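In what follows, a single structure is set out as structure tokens and then discussed.
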Amino acid sequence: MSILIIAEHDGVQLSPSVQQAVTAAQAWNSAIHVLVAGNAADAVAKQAASIYGVERVIQANALHLEKPIAEDIANLIVSISQDYKVILAAHSSFSKNALPRVAALLDVAMISDVLEIQGNNTYVRSIYAGNVLTTIQSCDAVQVLTVHGSNFNSASLTGSAEIISVETPSTFNRTQWKSEIRSQSERPALSSAKIVVSGGRSLGSAERFESVLSPLASKLGAALGATRAAVDAGYAPNDIQVGQTGVVVAPELYIAIGVSGAIQHTYGMKDSKVVVAINQDPEAPIFQVADYGLVADLFDAVPALTAAIQ
Ligand SMILES: Cc1cc2nc3c(=O)[nH]c(=O)nc-3n(C[C@H](O)[C@H](O)[C@H](O)COP(=O)(O)OP(=O)(O)OC[C@H]3O[C@@H](n4cnc5c(N)ncnc54)[C@H](O)[C@@H]3O)c2cc1C
């Protein structure tokens with residue numbers, strides 16, 4: 001029996017998290033297949049085939065998979081599930097939407113956001129926003145799980161898997177994709193940016209969030225992030241919220257500015273390689289996860305830092 005990885009992509013580009021999912025799948029020492037569902041997403045299938053460790057790419061082509069809804073993805077996965085003992089994907093909004101449906105249709109448990117895969121279908125995952133690590137074992141015949149991408153190294157792009165096609169079940173008619181509105185930004189995507197500059201409620205307004213943080217982010221080529229308190233206050237759009245109920249990031253450098261460091265926020269950034277915190281309160285919890293801390297008023301420190309960067 002093989003492992004099936006569900007590929008996330010935008011029709012053109014494969015998500016880098018698929019390479020992390022492939023590394024996670026190697027824990028079973030079984031053949032690894034990747035499902036690419038889309039509409040003529042040949043370029044994506046080729047990218048998936050180039051991941052080292054992948055034996056086969058299964059391409060499902062259909063008009064209704066161009067902007068797939070979770071019901072259609074789940075039905076497709078279930079239609080080929082009989083060949084697999086493990087169905088997995090990197091933890092994301094896409095997989096959180098589709099895989100619980102797959103687990104329900106197969107009548108097995110959904111195992112979410114796995115940090116570590118041990119032998120014998122045993123997993124380590126966090127609960128209470130990362131406060132407690134639990135070790136769990138599933139006895140189900142098929143294991144359906146999502147993995148915490150940043151906990152697994154990316155498999156290299158040195159493979160050459162075969163690509164085959166499968167029949168696609170007809171569309172689930174009761175839900176349809178109508179349109180999407182994407183925020184326009186010159187900045188790198190938050191989830192894959194190498195540097196993230198994040199701000200908190202302390203910025204005080206949307207104008208100051210932009211005028212204080214944007215020049216620094218632009219100089220560093222960084223993505224902007226925000227705390228939930230900043231998003232709830234209307235200072236930042238909700239698609240840049242970092243944390244338990246936002247985006248999970250693991251950049252090379254994370255600069256937390258006026259961020260208290262609540263556990264729900266650090267859940268989303270604690271895997272960053274280097275964390276810099278600027279906060280006027282020396283007792284702020286963010287300093288517990290920071291590699292470098294500056295106790296200062298952000299309205300003095302950030303313009304000075306921005307000016308000092310060439
Ligand atoms: C179920 C649940 C899910 C949640 N999910 C998330 C999530 O995904 N992401 C998230 O971020 N939060 C999340 N939260 C909210 C979280 O608990 C915190 O309330 C939030 O992260 C606090 O945001 P903050 O640090 O911007 O604000 P505050 O807690 O108000 O902290 C502001 C910080 O700025 C500092 N400061 C103030 N003025 C200055 C200044 N001039 N210069 C320098 N420093 C200054 C203060 O010392 C303080 O440390 C969640 C909460 C719950 C209950």
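Please note that chains go A, B, ... in the order of the structure tokens, that every chain numbers its residues from 1, and that ligands are numbered from 1 in the order shown.
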Quick one: residues within 7 Å of Val275 (chain A), only C-alpha atoms, excluding same-chain residues fewer than 3 positions away - as a list in words? Leu253, Tyr254, Ile255, Ser272, Ala290, Asp291 and Tyr292 of chain A
Val108 (chain A): which residues within 12 Å, counting only C-alpha atoms, same-chain residues fewer than 4 positions away excluded, as a list in words?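 The neighbour list is Lys85, Val86, Ile87, Leu99, Pro100, Arg101, Val102, Ala103, Ala104, Ser138, Cys139, Asp140, Ala141, Val142, Gln143, Val144 and Leu145 of chain A.
Summary of the local environment: counting only C-alpha atoms, residues at most 10 Å from region 166-172 of chain A, other than itself and those fewer than 6 positions away along its chain, are A:Leu35, A:Ala37, A:Ile58, A:Gln59, A:Ala60, A:Asn61, A:Ala62, A:Leu63, A:His64, A:Leu65, A:Pro68, A:Ile69, A:Ala70, A:Glu71, A:Asp72, A:Ile73, A:Asn75, A:Leu76, A:Ile77, A:Val78, A:Ser79, A:Ile80.
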Within 9 Å of ligand 1, counting only C-alpha atoms and all ligand atoms, which protein or nucleic acid residues do you find, written as a ChimeraX atom specification? /A:129,199-204,226-231,241-248,257-268,278-286,295-301
Now that the selection is made, can you save its residues with C-alpha atoms as an mmCIF file, in the first residue's frame?
data_model
loop_
_atom_site.group_PDB
_atom_site.id
_atom_site.type_symbol
_atom_site.label_atom_id
_atom_site.label_comp_id
_atom_site.auth_asym_id
_atom_site.auth_seq_id
_atom_site.Cartn_x
_atom_site.Cartn_y
_atom_site.Cartn_z
ATOM 1 C CA ALA A 129 -2.234 26.424 20.862
ATOM 2 C CA GLY A 199 2.916 44.545 13.965
ATOM 3 C CA GLY A 200 0.507 44.558 16.872
ATOM 4 C CA ARG A 201 -2.333 46.603 18.290
ATOM 5 C CA SER A 202 0.230 49.073 19.674
ATOM 6 C CA LEU A 203 0.540 50.649 16.197
ATOM 7 C CA GLY A 204 -2.726 52.408 17.060
ATOM 8 C CA ALA A 226 -0.144 41.263 12.080
ATOM 9 C CA THR A 227 -1.553 40.081 15.361
ATOM 10 C CA ARG A 228 -5.206 39.251 15.674
ATOM 11 C CA ALA A 229 -5.688 42.277 17.910
ATOM 12 C CA ALA A 230 -4.334 44.500 15.118
ATOM 13 C CA VAL A 231 -6.626 42.788 12.596
ATOM 14 C CA GLN A 241 -2.912 37.576 10.594
ATOM 15 C CA VAL A 242 -0.209 35.323 11.994
ATOM 16 C CA GLY A 243 -1.087 32.705 14.581
ATOM 17 C CA GLN A 244 -3.294 29.885 15.650
ATOM 18 C CA THR A 245 -6.303 31.239 13.790
ATOM 19 C CA GLY A 246 -4.250 32.896 11.069
ATOM 20 C CA VAL A 247 -1.284 31.960 8.913
ATOM 21 C CA VAL A 248 1.573 29.826 10.254
ATOM 22 C CA ILE A 257 6.993 45.000 16.540
ATOM 23 C CA GLY A 258 4.766 46.004 19.435
ATOM 24 C CA VAL A 259 3.564 42.409 19.671
ATOM 25 C CA SER A 260 2.889 41.057 23.167
ATOM 26 C CA GLY A 261 3.691 37.436 22.273
ATOM 27 C CA ALA A 262 0.421 35.779 23.289
ATOM 28 C CA ILE A 263 0.566 31.998 22.877
ATOM 29 C CA GLN A 264 -1.973 32.134 20.040
ATOM 30 C CA HIS A 265 0.372 34.455 18.139
ATOM 31 C CA THR A 266 3.632 32.633 18.840
ATOM 32 C CA TYR A 267 1.980 29.395 17.659
ATOM 33 C CA GLY A 268 2.123 30.890 14.175
ATOM 34 C CA ILE A 278 10.793 45.336 19.723
ATOM 35 C CA ASN A 279 8.567 46.060 22.705
ATOM 36 C CA GLN A 280 8.572 48.742 25.370
ATOM 37 C CA ASP A 281 7.649 46.249 28.109
ATOM 38 C CA PRO A 282 10.698 44.199 29.196
ATOM 39 C CA GLU A 283 8.305 41.594 30.664
ATOM 40 C CA ALA A 284 6.460 41.040 27.361
ATOM 41 C CA PRO A 285 6.223 37.274 26.619
ATOM 42 C CA ILE A 286 7.486 37.818 23.069
ATOM 43 C CA VAL A 295 13.165 47.273 24.840
ATOM 44 C CA ALA A 296 12.115 50.530 23.215
ATOM 45 C CA ASP A 297 9.234 52.614 21.968
ATOM 46 C CA LEU A 298 8.517 51.291 18.497
ATOM 47 C CA PHE A 299 7.745 54.753 17.172
ATOM 48 C CA ASP A 300 11.385 55.716 17.845
ATOM 49 C CA ALA A 301 13.060 52.377 17.175
#
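Going from CA of Gly293 (chain A) to CA of Leu190 (chain A) covers 22.5 Å.
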What gap, in Å, lies between CA of Ala222 (chain A) and CA of Arg182 (chain A)? 18.8 Å
Based on the backbone DSSP call, show me all residues of region 53-129 of chain A assigned strand (DSSP E), as a PyMOL selection string. chain A and resi 56-61+84-90+110-118+122-127
Write out as a PyMOL selection string which residues come within 8 Å of Glu207 (chain A) when counting only C-alpha atoms, dropping same-chain ones fewer than 3 positions away. chain A and resi 210-211+235
Write the residues of the preceding selection, restricted to C-alpha atoms, as a compact mmCIF listing (two decimals), in the first residue's frame.
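New file selection_23.txt:
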# COMPACT_ATOMS: atom_id res chain seq x y z
CA GLU A 210 1.27 51.23 7.13
CA SER A 211 3.51 54.27 7.63
CA TYR A 235 -5.34 48.19 11.36
Let me make sure I understand: among A:Ile163, A:Val289, A:Ala233, A:Val147, which one has the smallest atom-to-atom distance to Ile111 (chain A) if we use only C-alpha atoms?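 Comparing A:Ile163, A:Val289, A:Ala233, A:Val147 against Ile111 (chain A), the winner is A:Val147.
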Going by DSSP on the backbone, which residues of region 142-307 of chain A come out as helix (DSSP H, G or I)? List them as a PyMOL selection string. chain A and resi 149-151+190-192+201-203+206-220+228-232+238-240+263-266+286-289+298-307
Deliver the residues from the most recent selection as a file, using C-alpha atoms, as an mmCIF file, in the first residue's frame.
data_model
loop_
_atom_site.group_PDB
_atom_site.id
_atom_site.type_symbol
_atom_site.label_atom_id
_atom_site.label_comp_id
_atom_site.auth_asym_id
_atom_site.auth_seq_id
_atom_site.Cartn_x
_atom_site.Cartn_y
_atom_site.Cartn_z
ATOM 1 C CA GLY A 149 5.029 21.814 7.113
ATOM 2 C CA SER A 150 7.775 23.775 8.836
ATOM 3 C CA ASN A 151 8.604 20.765 11.037
ATOM 4 C CA LEU A 190 3.267 35.858 3.763
ATOM 5 C CA SER A 191 3.325 32.054 4.023
ATOM 6 C CA SER A 192 6.531 31.675 1.985
ATOM 7 C CA ARG A 201 -2.333 46.603 18.290
ATOM 8 C CA SER A 202 0.230 49.073 19.674
ATOM 9 C CA LEU A 203 0.540 50.649 16.197
ATOM 10 C CA ALA A 206 -4.273 51.522 10.053
ATOM 11 C CA GLU A 207 -2.365 54.620 8.875
ATOM 12 C CA ARG A 208 0.417 54.121 11.415
ATOM 13 C CA PHE A 209 0.525 50.377 10.765
ATOM 14 C CA GLU A 210 1.265 51.231 7.133
ATOM 15 C CA SER A 211 3.512 54.274 7.630
ATOM 16 C CA VAL A 212 5.691 52.729 10.372
ATOM 17 C CA LEU A 213 5.983 49.131 9.153
ATOM 18 C CA SER A 214 5.843 49.415 5.349
ATOM 19 C CA PRO A 215 9.127 51.321 4.862
ATOM 20 C CA LEU A 216 10.978 48.705 6.941
ATOM 21 C CA ALA A 217 9.272 45.813 5.115
ATOM 22 C CA SER A 218 10.058 47.395 1.734
ATOM 23 C CA LYS A 219 13.731 47.866 2.565
ATOM 24 C CA LEU A 220 14.011 44.240 3.701
ATOM 25 C CA ARG A 228 -5.206 39.251 15.674
ATOM 26 C CA ALA A 229 -5.688 42.277 17.910
ATOM 27 C CA ALA A 230 -4.334 44.500 15.118
ATOM 28 C CA VAL A 231 -6.626 42.788 12.596
ATOM 29 C CA ASP A 232 -9.670 43.008 14.873
ATOM 30 C CA ASN A 238 -7.193 39.563 8.105
ATOM 31 C CA ASP A 239 -5.252 37.643 5.441
ATOM 32 C CA ILE A 240 -2.004 38.762 7.100
ATOM 33 C CA ILE A 263 0.566 31.998 22.877
ATOM 34 C CA GLN A 264 -1.973 32.134 20.040
ATOM 35 C CA HIS A 265 0.372 34.455 18.139
ATOM 36 C CA THR A 266 3.632 32.633 18.840
ATOM 37 C CA ILE A 286 7.486 37.818 23.069
ATOM 38 C CA PHE A 287 11.005 38.154 24.537
ATOM 39 C CA GLN A 288 10.794 34.492 25.632
ATOM 40 C CA VAL A 289 10.762 33.356 21.994
ATOM 41 C CA LEU A 298 8.517 51.291 18.497
ATOM 42 C CA PHE A 299 7.745 54.753 17.172
ATOM 43 C CA ASP A 300 11.385 55.716 17.845
ATOM 44 C CA ALA A 301 13.060 52.377 17.175
ATOM 45 C CA VAL A 302 11.449 51.361 13.881
ATOM 46 C CA PRO A 303 12.145 54.594 11.921
ATOM 47 C CA ALA A 304 15.713 54.555 13.283
ATOM 48 C CA LEU A 305 16.171 50.928 12.240
ATOM 49 C CA THR A 306 14.673 51.619 8.810
ATOM 50 C CA ALA A 307 16.985 54.583 8.291
#
